Structure formats: C-alpha cells, structure tokens
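So the structure is just underneath, and the comments pick up after that.
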Amino acid sequence: MTLNNPPRGTGRPARARHFGSAVTVPLDCGHPATLTDHAFTNGIARTAAGWTSCYRCAYDDQVVDLLVRDTIAGYLSLNASGPPPLGSFTTWPGEILGAVTALWTGSWRWSANGRWRMRYVEVRDLHGQRWRGHGSDQYDGIRLRKITTRGKS
Ligand SMILES: [Zn+2]
C-alpha cells in the first residue's frame with residue numbers, strides 16, 4: 001500500500017464497453033478487472049469521480065480514505081451471535097476495513113419494506129481510528145463518521 005494514489009491516466013475515464021460481461025482492457029488503475037466468482041459483480045470498482053479500478057487498488061484507496069476522510073461508506077458483516085469481535089466493516093467485495101467494537105439495536109419499526117430496527121455501531125479501523133454510524137438492519141450498507149479527528153481545525 002502506498003499513501004500516494006497511483007496515476008489515473010489522462011482524459012475521460014474509460015467506460016466498460018460491454019456492461020455485465022468481461023472487460024479485458026486495462027482499467028484506469030492499469031490492471032485488468034478482478035476475477036470474481038460472483039455473477040453479480042464484474043470485477044470493476046468505480047471511484048466517485050468515475051475512474052475504474054480493480055478491487056485491489058480500490059481497497060488500497062479505501063484504506064487511505066480512512067485516514068483522510070471524516071465520513072466513509074462501507075458494509076457491515078456482523079456475527080449473528082457469539083463473543084467479540086462483533087463483526088467487520090468491509091468494502092463491497094468484503095475486504096476488512098475495521099472491526100465492529102460496539103453494536104446497539106433500536107426498537108422495532110415498520111415500513112413498506114417490513115419490520116426493521118435502527119442499528120448503531122462503533123468501528124475501530126485498520127489504523128486504530130474510531131468511527132460511529134447507524135442505519136437500518138435491512139441493509140448491510142452503512143455510512144460512518146469519524147469520532148476522533150487528528151490535526152483538524
Ligand atoms: Zn488496479
């Protein structure tokens with residue numbers, strides 16, 4: 001991992017030529033699409049700015065993002081029961097960004113999509129920083145806000 005983002009090339013971000021099928025041209029990060037066994041993934045990550053990258057580079061970028069961002073989106077992979085760790089905060093392909101260190105659930109609520117509870121989590125990331133977030137237990141996706149900021153004015 002490097003703290004400097006790799007060069008992304010110049011000009012417009014490349015677009016996948018055939019949606020949903022294998023793309024053999026290099027992505028903006030310079031690597032081919034990541035091989036994946038999952039039918040619902042195509043091995044291509046996309047940055048907020050529209051650049052394409054393989055999962056490895058996307059993961060490296062997200063590990064760096066933990067240091068420079070105050071909020072970050074990811075996914076919860078919780079252990080249904082059992083001793084700590086309570087679960088993991090991960091990237092979309094499931095790579096670990098942090099450990100869930102605390103978990104609370106609110107009372108049951110009802111929506112058009114059925115019964116759900118608000119879930120509140122605290123996460124300690126790979127760098128030791130603490131994050132907090134909440135979201136419906138109907139979704140694994142969650143956005144966290146950094147609790148401890150260093151050197152921020
Ligand atoms: Zn790459």
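Every chain in the structure tokens has a letter given in the order shown (A, B, ...), and although residue numbers restart at 1 in each chain, ligands are simply numbered from 1 in the order shown.
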
Inset, instruction - Step by step, measure atom-to-atom distances between ligand 1 and each residue using only C-alpha atoms and all ligand atoms, keep those at most 8 Å, then write them as a count of residues only. - result: 13

Legend entry - Test item: residues at most 10 Å from Glu95 in chain A, only C-alpha atoms, excluding those fewer than 2 positions along its chain, as an MDAnalysis selection string: chainID A and resid 55:56 59 75 88:93 97:98

Inset, instruction - Mind the document's chain letters and residue numbers, and return as a list in words the residues of range 14-148 of chain A that DSSP labels helix (DSSP H, G or I). - result: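 Here is the list: Tyr55, Arg56, Cys57, Ala58, Tyr59, Asp60, Asp61, Gln62, Val63, Val64, Asp65, Leu66, Leu67 and Val68 of chain A.
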
Let me see the file: selected residues, N, CA and C atoms, as a compact mmCIF listing (two decimals), in the first residue's frame.
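The result, written out as again_7.txt:
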# COMPACT_ATOMS: atom_id res chain seq x y z
N TYR A 55 -10.25 -4.38 -7.86
CA TYR A 55 -10.63 -4.41 -6.45
C TYR A 55 -9.43 -4.13 -5.54
N ARG A 56 -8.25 -4.64 -5.95
CA ARG A 56 -7.06 -4.44 -5.13
C ARG A 56 -6.75 -2.94 -4.96
N CYS A 57 -6.75 -2.22 -6.06
CA CYS A 57 -6.46 -0.78 -6.00
C CYS A 57 -7.58 -0.04 -5.28
N ALA A 58 -8.83 -0.48 -5.50
CA ALA A 58 -9.94 0.16 -4.81
C ALA A 58 -9.81 -0.03 -3.31
N TYR A 59 -9.37 -1.20 -2.90
CA TYR A 59 -9.18 -1.46 -1.47
C TYR A 59 -8.07 -0.58 -0.91
N ASP A 60 -6.95 -0.50 -1.62
CA ASP A 60 -5.86 0.37 -1.16
C ASP A 60 -6.35 1.81 -1.02
N ASP A 61 -7.13 2.26 -2.00
CA ASP A 61 -7.65 3.63 -1.93
C ASP A 61 -8.54 3.80 -0.70
N GLN A 62 -9.35 2.79 -0.41
CA GLN A 62 -10.27 2.93 0.72
C GLN A 62 -9.54 2.90 2.05
N VAL A 63 -8.46 2.14 2.13
CA VAL A 63 -7.64 2.13 3.35
C VAL A 63 -7.03 3.51 3.57
N VAL A 64 -6.61 4.15 2.48
CA VAL A 64 -6.09 5.52 2.59
C VAL A 64 -7.21 6.49 2.92
N ASP A 65 -8.38 6.27 2.32
CA ASP A 65 -9.52 7.14 2.60
C ASP A 65 -9.83 7.19 4.09
N LEU A 66 -9.61 6.09 4.79
CA LEU A 66 -9.87 6.06 6.23
C LEU A 66 -9.06 7.14 6.94
N LEU A 67 -7.88 7.44 6.43
CA LEU A 67 -7.01 8.42 7.08
C LEU A 67 -7.42 9.84 6.74
N VAL A 68 -7.92 10.06 5.55
CA VAL A 68 -8.10 11.44 5.08
C VAL A 68 -9.55 11.88 5.08

Inset, instruction - Return as a ChimeraX atom specification the full set of residues in range 69-110 of chain A whose backbone-based DSSP assignment is strand (DSSP E). - result: /A:71-78,87-90,96-110

Take the residues from that selection and write them out as a compact mmCIF listing (two decimals), in the first residue's frame, keeping N, CA and C atoms.
# COMPACT_ATOMS: atom_id res chain seq x y z
N THR A 71 -16.01 10.98 6.77
CA THR A 71 -17.11 10.03 6.63
C THR A 71 -16.71 9.03 5.55
N ILE A 72 -17.23 7.83 5.68
CA ILE A 72 -16.89 6.80 4.71
C ILE A 72 -18.04 5.80 4.64
N ALA A 73 -18.25 5.26 3.44
CA ALA A 73 -19.32 4.29 3.24
C ALA A 73 -18.71 2.90 3.11
N GLY A 74 -19.41 1.92 3.64
CA GLY A 74 -18.95 0.54 3.55
C GLY A 74 -20.08 -0.39 3.94
N TYR A 75 -19.70 -1.58 4.32
CA TYR A 75 -20.70 -2.61 4.59
C TYR A 75 -20.41 -3.28 5.92
N LEU A 76 -21.48 -3.66 6.61
CA LEU A 76 -21.34 -4.38 7.88
C LEU A 76 -21.45 -5.87 7.62
N SER A 77 -20.55 -6.61 8.19
CA SER A 77 -20.62 -8.07 8.18
C SER A 77 -20.61 -8.50 9.64
N LEU A 78 -21.82 -8.66 10.22
CA LEU A 78 -21.94 -8.86 11.65
C LEU A 78 -22.01 -10.35 11.99
N GLY A 87 -18.14 -8.16 14.60
CA GLY A 87 -18.26 -8.22 13.15
C GLY A 87 -17.22 -7.32 12.51
N SER A 88 -17.39 -7.11 11.22
CA SER A 88 -16.41 -6.34 10.47
C SER A 88 -17.10 -5.25 9.66
N PHE A 89 -16.36 -4.19 9.42
CA PHE A 89 -16.73 -3.15 8.47
C PHE A 89 -15.88 -3.40 7.24
N THR A 90 -16.52 -3.57 6.09
CA THR A 90 -15.80 -4.06 4.91
C THR A 90 -16.10 -3.23 3.67
N ILE A 96 -11.61 -6.35 4.70
CA ILE A 96 -11.77 -5.75 6.03
C ILE A 96 -11.21 -4.32 6.06
N LEU A 97 -12.05 -3.39 6.52
CA LEU A 97 -11.58 -2.02 6.77
C LEU A 97 -11.49 -1.74 8.26
N GLY A 98 -12.23 -2.51 9.08
CA GLY A 98 -12.20 -2.29 10.52
C GLY A 98 -13.01 -3.35 11.24
N ALA A 99 -12.96 -3.27 12.58
CA ALA A 99 -13.69 -4.22 13.41
C ALA A 99 -14.82 -3.49 14.13
N VAL A 100 -15.97 -4.13 14.20
CA VAL A 100 -17.10 -3.57 14.95
C VAL A 100 -16.83 -3.79 16.43
N THR A 101 -16.71 -2.68 17.18
CA THR A 101 -16.36 -2.78 18.60
C THR A 101 -17.57 -2.59 19.50
N ALA A 102 -18.66 -2.04 18.97
CA ALA A 102 -19.87 -1.87 19.77
C ALA A 102 -21.06 -1.91 18.83
N LEU A 103 -22.16 -2.43 19.31
CA LEU A 103 -23.36 -2.59 18.48
C LEU A 103 -24.60 -2.46 19.36
N TRP A 104 -25.50 -1.56 18.96
CA TRP A 104 -26.79 -1.45 19.63
C TRP A 104 -27.87 -1.52 18.58
N THR A 105 -29.04 -2.03 18.95
CA THR A 105 -30.17 -2.00 18.04
C THR A 105 -31.33 -1.31 18.73
N GLY A 106 -32.05 -0.48 17.97
CA GLY A 106 -33.21 0.23 18.48
C GLY A 106 -34.43 -0.68 18.52
N SER A 107 -35.57 -0.07 18.83
CA SER A 107 -36.79 -0.88 18.89
C SER A 107 -37.33 -1.12 17.49
N TRP A 108 -38.21 -2.09 17.36
CA TRP A 108 -38.76 -2.46 16.06
C TRP A 108 -39.60 -1.32 15.49
N ARG A 109 -39.47 -1.12 14.20
CA ARG A 109 -40.27 -0.15 13.46
C ARG A 109 -40.84 -0.85 12.24
N TRP A 110 -41.83 -0.20 11.63
CA TRP A 110 -42.46 -0.77 10.44
C TRP A 110 -42.32 0.20 9.28

Legend entry - Which residue of A:Leu35, A:Leu86, A:Arg69, A:Arg117 approaches Lys146 in chain A most closely, using only C-alpha atoms: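 Under the stated criterion, the closest residue is A:Arg69.
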
Inset, instruction - May I ask for the distance between CA of Thr41 in chain A and CA of Gly114 in chain A, given in Å to one decimal place? - result: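 Separation between CA of Thr41 in chain A and CA of Gly114 in chain A: 27.2 Å.
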
Inset, instruction - Excluding Asp137 in chain A and residues on its chain fewer than 3 positions from it, collect all residues at most 8 Å away from it, counting only C-alpha atoms, and give them as a list in words. - result: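 Non-adjacent residues within range: Trp116, Arg117, Met118, Arg119 and Asp140 of chain A.
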